[in-house]
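S.K.: Next comes data34.txt, compact mmCIF, C-alpha atoms:
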# COMPACT_ATOMS: atom_id res chain seq x y z
CA MET A 1134 10.42 -23.82 26.19
CA VAL A 1135 11.36 -20.59 24.47
CA LEU A 1136 8.89 -19.63 21.89
CA GLU A 1137 10.18 -18.95 18.42
CA VAL A 1138 9.68 -15.39 17.30
CA ALA A 1139 8.15 -16.86 14.19
CA VAL A 1140 4.85 -17.22 16.05
CA PHE A 1141 4.33 -13.55 15.34
CA ARG A 1142 3.62 -12.31 11.89
CA ILE A 1143 2.24 -9.02 10.69
CA ASP A 1144 -0.41 -8.52 8.08
CA ALA A 1145 0.37 -4.96 6.99
CA GLY A 1146 -2.55 -3.14 5.45
CA SER A 1147 -5.07 -5.11 7.47
CA ASP A 1148 -7.93 -3.31 9.17
CA VAL A 1149 -6.64 -4.79 12.43
CA PRO A 1150 -3.93 -2.63 14.09
CA ILE A 1151 -0.56 -4.36 14.41
CA TYR A 1152 -0.54 -4.47 18.22
CA ARG A 1153 -3.94 -6.16 18.15
CA GLN A 1154 -2.71 -8.72 15.62
CA LEU A 1155 0.09 -9.67 18.02
CA VAL A 1156 -2.37 -9.95 20.93
CA GLN A 1157 -4.72 -12.12 18.89
CA GLN A 1158 -1.89 -14.41 17.78
CA VAL A 1159 -0.94 -15.17 21.38
CA ARG A 1160 -4.57 -15.74 22.36
CA ARG A 1161 -5.14 -18.01 19.39
CA ASP A 1162 -2.05 -20.09 20.16
CA VAL A 1163 -3.17 -20.46 23.77
CA MET A 1164 -6.61 -21.58 22.70
CA LEU A 1165 -5.15 -24.17 20.34
CA GLY A 1166 -2.76 -25.43 23.00
CA ARG A 1167 0.33 -24.39 21.03
CA LEU A 1168 1.29 -22.11 23.92
CA ARG A 1169 1.14 -23.51 27.42
CA PRO A 1170 1.22 -21.94 30.89
CA GLY A 1171 4.79 -21.04 31.82
CA ASP A 1172 6.09 -20.92 28.23
CA GLN A 1173 8.51 -18.07 27.62
CA LEU A 1174 7.67 -15.45 25.03
CA PRO A 1175 10.28 -13.64 22.95
CA SER A 1176 11.59 -10.34 24.28
CA VAL A 1177 10.41 -7.02 22.89
CA LYS A 1178 13.79 -6.58 21.23
CA GLU A 1179 13.60 -9.99 19.56
CA VAL A 1180 10.17 -9.21 18.14
CA VAL A 1181 11.32 -5.75 17.00
CA ASP A 1182 14.35 -7.21 15.23
CA ALA A 1183 12.46 -10.05 13.63
CA LEU A 1184 9.51 -8.02 12.35
CA SER A 1185 11.12 -4.55 11.87
CA VAL A 1186 8.28 -3.17 13.89
CA ASN A 1187 8.27 -0.17 16.19
CA PRO A 1188 9.12 -1.17 19.80
CA ASN A 1189 6.22 0.91 21.16
CA THR A 1190 3.83 -1.29 19.21
CA VAL A 1191 5.29 -4.48 20.70
CA VAL A 1192 5.30 -2.99 24.21
CA LYS A 1193 1.67 -2.05 23.74
CA ALA A 1194 0.76 -5.60 22.70
CA PHE A 1195 2.59 -7.08 25.70
CA SER A 1196 0.97 -4.56 28.06
CA GLU A 1197 -2.44 -5.47 26.71
CA LEU A 1198 -1.71 -9.18 27.20
CA GLU A 1199 -0.46 -8.49 30.71
CA HIS A 1200 -3.56 -6.46 31.44
CA GLN A 1201 -5.69 -9.37 30.25
CA GLY A 1202 -3.79 -11.66 32.62
CA MET A 1203 -2.45 -13.72 29.71
CA ILE A 1204 1.23 -13.12 30.43
CA VAL A 1205 3.46 -12.16 33.35
CA ARG A 1206 6.67 -10.18 33.11
CA ARG A 1207 9.49 -11.08 35.48
CA GLN A 1208 12.02 -8.30 35.81
CA GLY A 1209 15.33 -9.31 34.30
CA VAL A 1210 14.14 -12.80 33.43
CA GLY A 1211 11.61 -12.47 30.65
CA THR A 1212 7.99 -12.69 29.70
CA PHE A 1213 6.02 -15.85 30.31
CA LEU A 1214 2.58 -17.18 29.67
CA ALA A 1215 0.56 -16.91 32.89
CA ALA A 1216 0.10 -20.04 35.00
CA ALA A 1217 -3.65 -19.72 34.66
CA PRO A 1218 -4.44 -17.55 31.64
CA PRO A 1219 -8.08 -16.39 31.50
CA LEU A 1220 -8.41 -18.02 28.11
CA ALA A 1221 -7.66 -21.69 28.69
CA SER A 1222 -6.64 -24.00 25.91
CA LEU A 1223 -9.80 -25.44 24.54
CA ALA A 1224 -10.14 -29.20 24.84
CA VAL A 1225 -13.04 -29.19 22.41
CA ALA A 1226 -11.14 -27.09 19.85
CA PRO A 1227 -9.90 -30.06 17.77
CA LYS A 1228 -13.39 -31.57 17.73
CA LEU A 1229 -14.89 -28.33 16.47
CA LEU A 1230 -12.04 -27.63 14.10
CA ALA A 1231 -12.53 -30.75 11.99
CA PRO A 1232 -16.08 -30.01 10.75
CA LEU A 1233 -15.09 -26.37 10.31
CA ALA A 1234 -12.16 -27.39 8.14
CA ARG A 1235 -14.53 -29.47 6.00
CA TRP A 1236 -16.90 -26.50 5.72
CA VAL A 1237 -14.03 -24.24 4.64
CA GLU A 1238 -12.99 -26.80 2.05
CA ARG A 1239 -16.52 -26.76 0.63
CA ALA A 1240 -16.55 -22.95 0.55
CA ARG A 1241 -13.25 -22.98 -1.34
CA GLN A 1242 -14.66 -25.46 -3.85
CA ASP A 1243 -17.54 -23.02 -4.35
CA GLY A 1244 -14.90 -20.47 -5.33
CA LEU A 1245 -14.92 -18.29 -2.21
CA SER A 1246 -11.77 -16.38 -1.31
CA ALA A 1247 -10.24 -16.39 2.17
CA GLU A 1248 -11.63 -12.92 2.72
CA GLN A 1249 -15.14 -13.99 1.70
CA ILE A 1250 -14.95 -17.02 3.97
CA ARG A 1251 -13.92 -14.82 6.89
CA MET A 1252 -16.81 -12.50 6.14
CA LEU A 1253 -19.25 -15.41 6.19
CA LEU A 1254 -17.91 -16.52 9.56
CA GLU A 1255 -18.29 -13.00 10.90
CA VAL A 1256 -21.85 -12.77 9.63
CA ALA A 1257 -22.68 -16.11 11.26
CA LEU A 1258 -21.19 -14.87 14.54
CA ASP A 1259 -22.73 -11.42 14.50
CA GLU A 1260 -26.12 -12.31 13.05
CA PRO A 1261 -27.21 -15.73 14.32
CA ALA A 1262 -30.44 -15.48 12.33
CA ALA A 1263 -28.65 -14.69 9.07
CA GLY A 1264 -29.45 -16.88 6.11
CA GLN A 1265 -32.73 -18.18 7.50
CA ASP A 1266 -35.05 -15.84 5.63
CA ASP A 1267 -32.78 -15.12 2.68
CA ARG A 1268 -33.80 -15.95 -0.80
CA PRO A 1269 -31.98 -19.01 -2.11
CA ALA A 1270 -28.48 -17.98 -3.16
CA ALA A 1271 -27.81 -17.82 -6.88
CA GLY A 1272 -24.70 -19.95 -6.47
CA GLY A 1273 -21.17 -19.32 -5.20
CA ALA A 1274 -19.16 -16.17 -5.54
CA ALA A 1275 -19.40 -14.38 -8.83
CA MET B 1104 5.07 12.79 29.77
CA SER B 1105 7.04 15.73 28.39
CA ALA B 1106 6.65 16.86 24.82
CA ALA B 1107 9.46 16.12 22.39
CA LEU B 1108 8.08 18.56 19.87
CA ARG B 1109 5.61 21.30 20.67
CA CYS B 1110 4.33 23.88 18.21
CA ALA B 1111 1.80 26.62 18.86
CA GLY B 1112 0.47 28.69 15.98
CA LEU B 1113 3.70 27.95 14.17
CA GLY B 1114 4.14 29.31 10.67
CA HIS B 1115 6.80 30.10 8.13
CA ARG B 1116 6.28 32.37 5.15
CA TYR B 1117 8.55 32.19 2.13
CA GLY B 1118 8.86 35.67 0.65
CA ARG B 1119 5.85 37.88 1.01
CA ARG B 1120 2.94 35.64 0.31
CA LEU B 1121 3.72 31.95 0.28
CA TRP B 1122 3.11 30.18 3.58
CA GLY B 1123 5.08 26.92 3.73
CA LEU B 1124 3.34 26.08 6.99
CA ARG B 1125 0.74 27.94 9.01
CA ASP B 1126 -1.31 27.65 12.23
CA CYS B 1127 0.57 24.52 13.18
CA ASP B 1128 -0.33 23.22 16.67
CA LEU B 1129 1.37 20.00 17.70
CA ASP B 1130 2.19 18.30 20.95
CA VAL B 1131 4.19 15.14 20.29
CA PRO B 1132 4.93 13.08 23.42
CA ALA B 1133 8.49 11.88 23.98
CA GLY B 1134 9.39 8.38 22.87
CA ARG B 1135 7.09 8.26 19.87
CA VAL B 1136 7.98 7.35 16.32
CA VAL B 1137 6.03 9.88 14.31
CA ALA B 1138 5.02 9.50 10.67
CA LEU B 1139 4.98 12.86 8.91
CA VAL B 1140 2.93 12.47 5.75
CA GLY B 1141 1.81 14.88 3.07
CA PRO B 1142 2.08 15.62 -0.64
CA ASN B 1143 5.10 17.47 -1.99
CA GLY B 1144 4.92 21.09 -0.91
CA SER B 1145 2.62 20.39 2.03
CA GLY B 1146 5.08 21.68 4.63
CA LYS B 1147 6.95 18.58 5.86
CA THR B 1148 10.42 19.93 5.19
CA THR B 1149 9.42 23.40 6.41
CA LEU B 1150 8.27 21.93 9.73
CA MET B 1151 11.42 19.82 10.12
CA SER B 1152 13.70 22.72 9.25
CA MET B 1153 12.09 24.93 11.88
CA ALA B 1154 12.27 22.14 14.47
CA ALA B 1155 15.96 21.76 13.60
CA GLY B 1156 16.56 25.49 14.09
CA LEU B 1157 17.56 25.95 10.45
CA LEU B 1158 14.63 28.05 9.32
CA PRO B 1159 13.38 31.15 11.14
CA VAL B 1160 9.89 31.15 12.59
CA THR B 1161 7.60 33.74 11.00
CA GLU B 1162 4.87 33.41 13.62
CA GLY B 1163 4.10 31.21 16.61
CA THR B 1164 6.52 29.09 18.60
CA VAL B 1165 8.34 25.78 18.35
CA GLU B 1166 10.05 23.76 21.06
CA ALA B 1167 12.16 20.73 20.23
CA ALA B 1168 13.78 18.34 22.74
CA GLY B 1169 12.52 20.55 25.56
CA GLY B 1170 13.45 24.06 24.42
CA ALA B 1171 14.06 26.47 21.60
CA PRO B 1172 15.73 24.50 18.78
CA ALA B 1173 18.71 26.85 18.58
CA ARG B 1174 19.53 26.04 22.23
CA ARG B 1175 18.98 22.32 21.87
CA LEU B 1176 21.09 21.60 18.81
CA ASP B 1177 23.21 19.01 20.61
CA ARG B 1178 20.05 17.01 21.36
CA ILE B 1179 18.53 17.19 17.89
CA GLY B 1180 19.68 15.02 15.02
CA PHE B 1181 18.53 16.17 11.59
CA VAL B 1182 19.08 14.40 8.29
CA ALA B 1183 17.82 16.46 5.37
CA GLN B 1184 16.37 14.94 2.25
CA ASP B 1185 18.95 13.22 0.01
CA ALA B 1186 21.48 13.25 2.88
CA PRO B 1187 23.64 16.19 1.80
CA LEU B 1188 27.33 15.69 2.62
CA TRP B 1189 30.55 17.35 1.47
CA LEU B 1190 31.29 15.39 -1.68
CA ARG B 1191 35.08 15.84 -1.63
CA LEU B 1192 35.63 14.61 1.92
CA ARG B 1193 36.44 11.04 2.82
CA VAL B 1194 34.06 8.96 4.94
CA ALA B 1195 36.50 8.93 7.89
CA ASP B 1196 36.79 12.74 7.72
CA VAL B 1197 33.03 13.13 7.83
CA LEU B 1198 32.85 10.95 10.93
CA ASP B 1199 35.71 12.94 12.44
CA ILE B 1200 33.84 16.19 11.89
CA GLY B 1201 30.84 14.60 13.58
CA ARG B 1202 33.02 13.72 16.58
CA CYS B 1203 34.54 17.20 16.84
CA MET B 1204 31.28 19.05 16.53
CA ASN B 1205 29.07 16.99 18.84
CA ARG B 1206 29.39 16.38 22.54
CA GLY B 1207 29.00 12.71 23.38
CA PHE B 1208 29.44 11.57 19.77
CA ASP B 1209 29.93 7.80 19.75
CA ALA B 1210 32.92 7.60 17.37
CA VAL B 1211 33.46 3.89 18.05
CA MET B 1212 29.91 3.03 17.11
CA ALA B 1213 30.09 5.22 13.99
CA ALA B 1214 33.30 3.59 12.74
CA GLU B 1215 31.99 0.11 13.50
CA ARG B 1216 28.68 0.77 11.77
CA VAL B 1217 30.33 2.07 8.60
CA ARG B 1218 32.68 -0.94 8.58
CA ARG B 1219 29.79 -3.36 9.05
CA LEU B 1220 28.00 -1.78 6.09
CA GLY B 1221 31.07 -2.37 3.92
CA ILE B 1222 31.76 1.31 3.32
CA ARG B 1223 35.53 2.05 3.08
CA PRO B 1224 36.60 4.82 5.47
CA ARG B 1225 39.10 6.08 2.85
CA ALA B 1226 36.45 6.43 0.14
CA ARG B 1227 35.40 9.90 -0.92
CA ILE B 1228 31.73 10.73 -0.48
CA SER B 1229 31.53 11.51 -4.21
CA ALA B 1230 32.49 7.90 -4.97
CA LEU B 1231 29.68 6.40 -2.88
CA SER B 1232 26.30 5.27 -4.16
CA GLY B 1233 23.17 7.13 -3.10
CA GLY B 1234 22.36 4.40 -0.61
CA GLU B 1235 25.86 4.48 0.90
CA ARG B 1236 25.71 8.26 1.26
CA ALA B 1237 22.40 7.95 3.05
CA GLN B 1238 23.96 5.35 5.36
CA VAL B 1239 26.88 7.66 6.20
CA ALA B 1240 24.47 10.50 7.03
CA LEU B 1241 22.31 8.19 9.14
CA THR B 1242 25.40 6.86 10.92
CA LEU B 1243 26.34 10.43 11.85
CA VAL B 1244 22.94 11.09 13.34
CA LEU B 1245 22.78 7.75 15.20
CA ALA B 1246 26.24 8.29 16.72
CA LYS B 1247 25.16 11.68 17.97
CA ARG B 1248 22.56 9.92 20.17
CA PRO B 1249 20.01 12.73 19.98
CA GLU B 1250 16.80 12.99 21.96
CA LEU B 1251 14.93 13.99 18.83
CA PHE B 1252 15.58 12.57 15.39
CA LEU B 1253 14.31 14.62 12.44
CA LEU B 1254 14.57 12.39 9.39
CA ASP B 1255 13.37 13.72 6.05
CA GLU B 1256 12.69 10.70 3.85
CA PRO B 1257 15.61 8.77 5.33
CA MET B 1258 14.96 5.52 3.49
CA ALA B 1259 14.24 6.86 0.01
CA ASN B 1260 17.60 5.67 -1.34
CA LEU B 1261 17.94 2.44 0.64
CA ASP B 1262 17.35 -1.07 -0.68
CA PRO B 1263 15.05 -3.35 1.35
CA LEU B 1264 17.85 -4.97 3.37
CA ALA B 1265 19.45 -1.62 4.16
CA ARG B 1266 16.04 -0.37 5.26
CA ARG B 1267 15.63 -3.21 7.69
CA GLU B 1268 19.15 -2.66 9.00
CA PHE B 1269 18.57 1.06 9.49
CA LEU B 1270 15.19 0.55 11.16
CA GLY B 1271 16.83 -1.90 13.58
CA SER B 1272 19.43 0.73 14.54
CA MET B 1273 16.79 3.42 14.91
CA PHE B 1274 14.51 1.25 17.06
CA GLU B 1275 17.50 0.36 19.22
CA ALA B 1276 18.12 4.06 19.83
CA CYS B 1277 14.44 4.48 20.73
CA GLN B 1278 14.57 1.63 23.23
CA GLU B 1279 17.92 2.51 24.78
CA THR B 1280 17.59 6.26 25.11
CA GLY B 1281 13.86 6.83 24.70
CA SER B 1282 14.46 9.01 21.65
CA THR B 1283 11.62 10.50 19.66
CA VAL B 1284 11.65 10.23 15.88
CA LEU B 1285 9.92 12.48 13.39
CA TYR B 1286 9.98 10.61 10.16
CA SER B 1287 8.71 11.81 6.80
CA SER B 1288 7.99 9.44 3.95
CA HIS B 1289 5.81 8.91 0.93
CA ALA B 1290 5.88 5.12 1.40
CA VAL B 1291 2.61 4.98 3.32
CA THR B 1292 2.39 1.21 3.56
CA GLU B 1293 5.81 1.05 5.18
CA LEU B 1294 4.89 3.57 7.88
CA GLU B 1295 2.38 1.34 9.62
CA ARG B 1296 5.16 -0.87 10.99
CA VAL B 1297 7.55 1.96 11.67
CA CYS B 1298 5.41 4.57 13.40
CA ASP B 1299 2.92 4.83 16.26
CA TYR B 1300 1.98 8.50 15.89
CA LEU B 1301 0.72 10.22 12.75
CA ILE B 1302 0.80 13.78 11.45
CA VAL B 1303 -0.84 14.48 8.10
CA LEU B 1304 0.00 17.80 6.46
CA ARG B 1305 -1.75 19.28 3.50
CA ALA B 1306 -1.31 22.66 1.88
CA GLY B 1307 0.74 23.90 4.83
CA ARG B 1308 -1.78 22.89 7.48
CA VAL B 1309 -2.01 20.06 9.99
CA ARG B 1310 -4.98 17.95 8.94
CA LEU B 1311 -4.67 15.14 11.42
CA ALA B 1312 -2.40 14.38 14.36
CA GLY B 1313 -2.50 11.76 17.08
CA ASP B 1314 -1.80 8.23 18.26
CA ILE B 1315 -2.32 5.95 15.27
CA ASP B 1316 -4.36 3.26 17.03
CA GLU B 1317 -6.57 5.88 18.63
CA LEU B 1318 -7.11 7.66 15.32
CA ARG B 1319 -8.01 4.37 13.66
CA SER B 1320 -10.57 3.62 16.35
CA ARG B 1321 -12.19 7.01 15.73
CA HIS B 1322 -12.76 6.46 12.02
CA ARG B 1323 -14.83 4.05 9.97
CA VAL B 1324 -14.95 3.08 6.33
CA ILE B 1325 -18.58 2.84 5.29
CA ARG B 1326 -19.92 1.63 1.96
CA GLY B 1327 -23.44 1.87 0.62
CA PRO B 1328 -25.64 2.93 -2.29
CA ASP B 1329 -24.52 5.92 -4.35
CA GLY B 1330 -24.63 9.12 -2.33
CA TRP B 1331 -25.55 7.52 1.01
CA PRO B 1332 -23.71 10.04 3.21
CA ALA B 1333 -25.83 12.97 1.99
CA GLY B 1334 -27.81 14.48 4.82
CA GLY B 1335 -26.84 11.76 7.27
CA GLY B 1336 -24.91 14.10 9.50
CA TRP B 1337 -21.69 12.12 8.99
CA GLN B 1338 -18.35 13.88 9.17
CA VAL B 1339 -17.06 12.66 5.83
CA ILE B 1340 -13.31 12.95 5.33
CA SER B 1341 -13.21 11.60 1.79
CA GLN B 1342 -15.47 9.59 -0.46
CA HIS B 1343 -15.53 8.02 -3.86
CA THR B 1344 -18.20 6.34 -5.91
CA MET B 1345 -17.65 3.36 -8.13
CA ALA B 1346 -20.20 1.11 -9.82
CA GLY B 1347 -23.08 2.72 -7.96
CA GLN B 1348 -21.48 2.25 -4.54
CA THR B 1349 -20.13 5.10 -2.43
CA THR B 1350 -17.29 4.35 -0.04
CA ALA B 1351 -16.49 6.99 2.54
CA LEU B 1352 -13.97 7.49 5.31
CA VAL B 1353 -15.89 9.09 8.18
CA ARG B 1354 -14.84 10.35 11.54
CA CYS B 1355 -17.03 9.20 14.42
CA ASP B 1356 -15.92 9.90 17.95
CA ASP B 1357 -18.98 8.20 19.42
CA ALA B 1358 -20.07 4.62 19.02
CA ARG B 1359 -22.48 5.56 16.25
CA ARG B 1360 -23.05 2.80 13.74
CA PRO B 1361 -24.45 3.09 10.23
CA GLY B 1362 -27.98 2.04 9.49
CA PRO B 1363 -29.14 -0.99 7.49
CA GLY B 1364 -27.91 -1.35 3.94
CA LEU B 1365 -24.48 0.07 4.79
CA GLN B 1366 -21.28 -1.94 5.23
CA ASP B 1367 -19.07 -0.77 8.00
CA ALA B 1368 -15.39 -1.58 8.64
CA ALA B 1369 -12.44 -0.24 10.59
CA PRO B 1370 -10.01 1.65 8.35
CA ALA B 1371 -6.69 0.09 7.47
CA PHE B 1372 -3.75 2.41 8.11
CA ASP B 1373 -3.36 3.43 4.48
CA GLU B 1374 -7.10 4.05 4.11
CA LEU B 1375 -6.90 6.51 6.99
CA VAL B 1376 -3.84 8.31 5.59
CA LEU B 1377 -5.00 8.36 1.98
CA GLY B 1378 -8.43 9.54 3.08
CA TYR B 1379 -6.93 12.64 4.65
CA LEU B 1380 -4.50 13.22 1.78
CA ASP B 1381 -7.24 12.81 -0.75
CA GLY B 1382 -10.28 14.43 0.85
CA ASP B 1383 -11.87 17.67 -0.23
CA THR B 1384 -9.95 20.32 1.73
CA ALA B 1385 -13.09 22.29 2.47
CA THR B 1386 -14.71 19.44 4.39
CA LEU B 1387 -11.68 18.56 6.47
CA PRO B 1388 -11.80 19.35 10.18
CA GLU B 1389 -9.64 22.33 10.96
CA GLU B 1390 -8.67 21.28 14.45
CA ALA B 1391 -5.99 18.67 15.10
CA ALA B 1392 -7.09 15.62 17.05
CA ALA B 1393 -6.16 15.55 20.73
Represent the structure from my file as structure tokens, please.
M.R.:
Amino acid sequence: MVLEVAVFRIDAGSDVPIYRQLVQQVRRDVMLGRLRPGDQLPSVKEVVDALSVNPNTVVKAFSELEHQGMIVRRQGVGTFLAAAPPLASLAVAPKLLAPLARWVERARQDGLSAEQIRMLLEVALDEPAAGQDDRPAAGGAA
Amino acid sequence: MSAALRCAGLGHRYGRRLWGLRDCDLDVPAGRVVALVGPNGSGKTTLMSMAAGLLPVTEGTVEAAGGAPARRLDRIGFVAQDAPLWLRLRVADVLDIGRCMNRGFDAVMAAERVRRLGIRPRARISALSGGERAQVALTLVLAKRPELFLLDEPMANLDPLARREFLGSMFEACQETGSTVLYSSHAVTELERVCDYLIVLRAGRVRLAGDIDELRSRHRVIRGPDGWPAGGGWQVISQHTMAGQTTALVRCDDARRPGPGLQDAAPAFDELVLGYLDGDTATLPEEAAA
């Protein structure tokens, strides 16, 4: 299966550098099972043409993925997802995703923006004890 | 890797007193796409003109495409601001001049590119729109297949589709021949996609130069109560205070993290650039980043 270039998209102006966005998109798709071992990735040129992005940036993303053991490059053939990528697709992902989706829905109903929701997730990840000794919140986002 | 552009103590003085550029030290590796950013009058065009061999060096040295610019003219492709062309010539004549004056000029590619863009070869330059003129100038420079492109605001007159088309051609040249591009623009948000190396000029001096991802990893945007950076030993590049909160772009080469009560984030590309354009000149580091 040849992957559509559309799997890559760039969020310009993000605090995440573009090459890292591309790396994260491949890793995310592997985790969710959208990309499977042996799948072919688009060529550097295809990504450059589709996104109008500097080829050095795409090469850097692919090198990083190769370094991580996520992809293999076969000379003259193309770039493929590794047979055994270090980040396997997660069987439990769908089970965990459902309650998370419900939680996100609740946060949206409380008026939180996507950015605020991401921040909450980051706080929960970085500070496991967060929220336990806080004063009761005065409600949703102002 | 060899340097595509190397400057040491480079300066140019206009008249007796006005330095267009001074103390410029740069070492741009080959194969990079370099964003050259700075306010009007900061020295962008002065630097490009010296690298193109069009402006004499007052002090210091410059090497472009591996040697003195005057000896490397066939490897340097320069498009000046607003793409100046002889207005009375026809498009085909301009391409013909390009072929006669440049070794290895790809006349087939030039003719094909102009045709694809819907520009009539018989048309006079004076009858073309600003965008079409820019495309003719860019076609000339692409067909020359230079090692070093010097492009002074090349996309200023192009519509979004023409921009994408031109970027595609430029990136192709980078991939096929490993060309280096020095690219000046005021459209900061656009540069993040286009470039991987950054040079910020201000008041004729280099304020920042280096690999963009590396520069981003060496800076933080930190927000906290009014005046938090005072006395903290932070190397503050720029700061502003709004509604009792001070946000500052700081340089931190170590893994130092701010204390409690401060929010800390990686800078977006435009935050990094605007921070250096905006900051108080006196507090800016004088040395260019490695």
S.K.: Could you tell me how far CA of Thr1350 in chain B sits from CA of Gln1338 in chain B, in Å to one decimal place?
M.R.: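 It comes out at 13.3 Å.
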S.K.: Could you list, as number ranges by chain, every residue within 9 Å of Leu1168 in chain A, counting all atoms listed in the file and ignoring same-chain residues fewer than 5 positions away?
M.R.: A: 1136, 1159-1163, 1214, 1222
S.K.: Please check the contacts: residues of chain B at most 7 Å away from chain A, using all atoms listed in the file, listed as a ChimeraX atom specification.
M.R.: /B:1267,1270-1271,1274,1292,1296-1299,1316,1369-1373
S.K.: Given only C-alpha atoms as the basis, pick out the residue of A:Arg1239, A:Gln1154, A:Pro1170, A:Gln1249 nearest to Ala1217 in chain A.
M.R.: A:Pro1170
S.K.: Could you check the closest approach to Arg1193 in chain B for each of B:Ala1106, B:Ala1230, B:Leu1157, B:Ala1171 and tell me which residue wins, using only C-alpha atoms?
M.R.: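 Closest to Arg1193 in chain B, using only C-alpha atoms: B:Ala1230.
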S.K.: In Å, rounded to a single decimal, give me how far CA of Ala1368 in chain B is from CA of Ala1247 in chain A.
M.R.: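 Pair CA of Ala1247 in chain A / CA of Ala1368 in chain B returns 17.0 Å.
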S.K.: Rounded to one decimal, what separation in Å do you get between CA of Asp1381 in chain B and CA of Arg1109 in chain B?
M.R.: 26.4 Å
S.K.: Excluding Gln1201 in chain A and its own-chain neighbours fewer than 6 positions away, which residues fall within 10 Å of it when counting only C-alpha atoms? Please give them as an NGL selection string.
M.R.: :A and (1156 or 1195 or 1218-1220)
S.K.: Residues within 9 Å of Thr1280 in chain B, please, as a PDB file with C-alpha atoms, in the coordinates of the input. Count all atoms listed in the file; anything in the same chain fewer than 6 positions from it doesn't count.
M.R.:
ATOM      1  CA  GLY B1134       9.390   8.380  22.870  1.00  0.00           C
ATOM      2  CA  ARG B1248      22.560   9.920  20.170  1.00  0.00           C
ATOM      3  CA  PRO B1249      20.010  12.730  19.980  1.00  0.00           C
ATOM      4  CA  GLU B1250      16.800  12.990  21.960  1.00  0.00           C
TER       5      GLU B1250
END
S.K.: Could you list as a list in words every residue that has an atom within 12 Å of (-31.9, -1.3, 4.7), using the file's coordinates and counting only C-alpha atoms?
M.R.: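 Result, sorted by chain then residue number: Gly1327, Pro1328, Trp1331, Pro1361, Gly1362, Pro1363, Gly1364, Leu1365 and Gln1366 of chain B.
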S.K.: Write out as a ChimeraX atom specification which residues come within 8 Å of range 1259-1264 of chain B when counting all atoms listed in the file, dropping same-chain ones fewer than 3 positions away.
M.R.: /B:1185,1233-1234,1237,1256,1267-1268,1288
S.K.: Anything within 8 Å of (0.5, 29.2, 7.8): list those residues as a ChimeraX atom specification, counting only C-alpha atoms and sticking to the file's coordinates.
M.R.: /B:1113-1116,1122-1127,1307-1308
S.K.: Could you give me, as a compact mmCIF listing (two decimals) with C-alpha atoms, in the frame of the given file, the residues within 12 Å of Arg1359 in chain B, counting all atoms listed in the file and dropping anything in the same chain fewer than 6 positions from it?
M.R.:
# COMPACT_ATOMS: atom_id res chain seq x y z
CA ARG B 1321 -12.19 7.01 15.73
CA HIS B 1322 -12.76 6.46 12.02
CA ARG B 1323 -14.83 4.05 9.97
CA ILE B 1325 -18.58 2.84 5.29
CA GLY B 1335 -26.84 11.76 7.27
CA GLY B 1336 -24.91 14.10 9.50
CA TRP B 1337 -21.69 12.12 8.99
CA GLN B 1338 -18.35 13.88 9.17
CA VAL B 1353 -15.89 9.09 8.18
CA ASP B 1367 -19.07 -0.77 8.00
S.K.: Which of these residues is nearest to Thr1148 in chain B, using only C-alpha atoms: B:Ser1229, B:Gln1238, B:Gln1184, B:Thr1344?
M.R.: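 Comparing B:Ser1229, B:Gln1238, B:Gln1184, B:Thr1344 against Thr1148 in chain B, the winner is B:Gln1184.
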S.K.: Quick one: of B:Gly1201, B:Gly1378, B:Pro1159, B:Gly1334, who's nearest to Gly1180 in chain B, counting only C-alpha atoms?
M.R.: B:Gly1201
S.K.: Edge lengths and centre in Å to one decimal, as lines of an AutoDock Vina configuration file, of the axis-aligned box that encloses all listed atoms of range 1307-1326 of chain B with 4 Å added on every side?
M.R.:
center_x = -9.6
center_y = 12.8
center_z = 10.3
size_x = 28.7
size_y = 30.3
size_z = 24.7
S.K.: Pick out the closest residue to Gly1112 in chain B from this set: B:Val1309, B:Ala1276, B:Ala1155, B:Ala1183. Count all atoms listed in the file.
M.R.: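 The answer is B:Val1309, which sits nearest to Gly1112 in chain B.
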S.K.: Nearest to Phe1213 in chain A among A:Val1192, A:Ala1226, A:Leu1174, A:Leu1155, with distances taken over only C-alpha atoms: which residue is it?
M.R.: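 Among A:Val1192, A:Ala1226, A:Leu1174, A:Leu1155, it is A:Leu1174 that comes nearest to Phe1213 in chain A.
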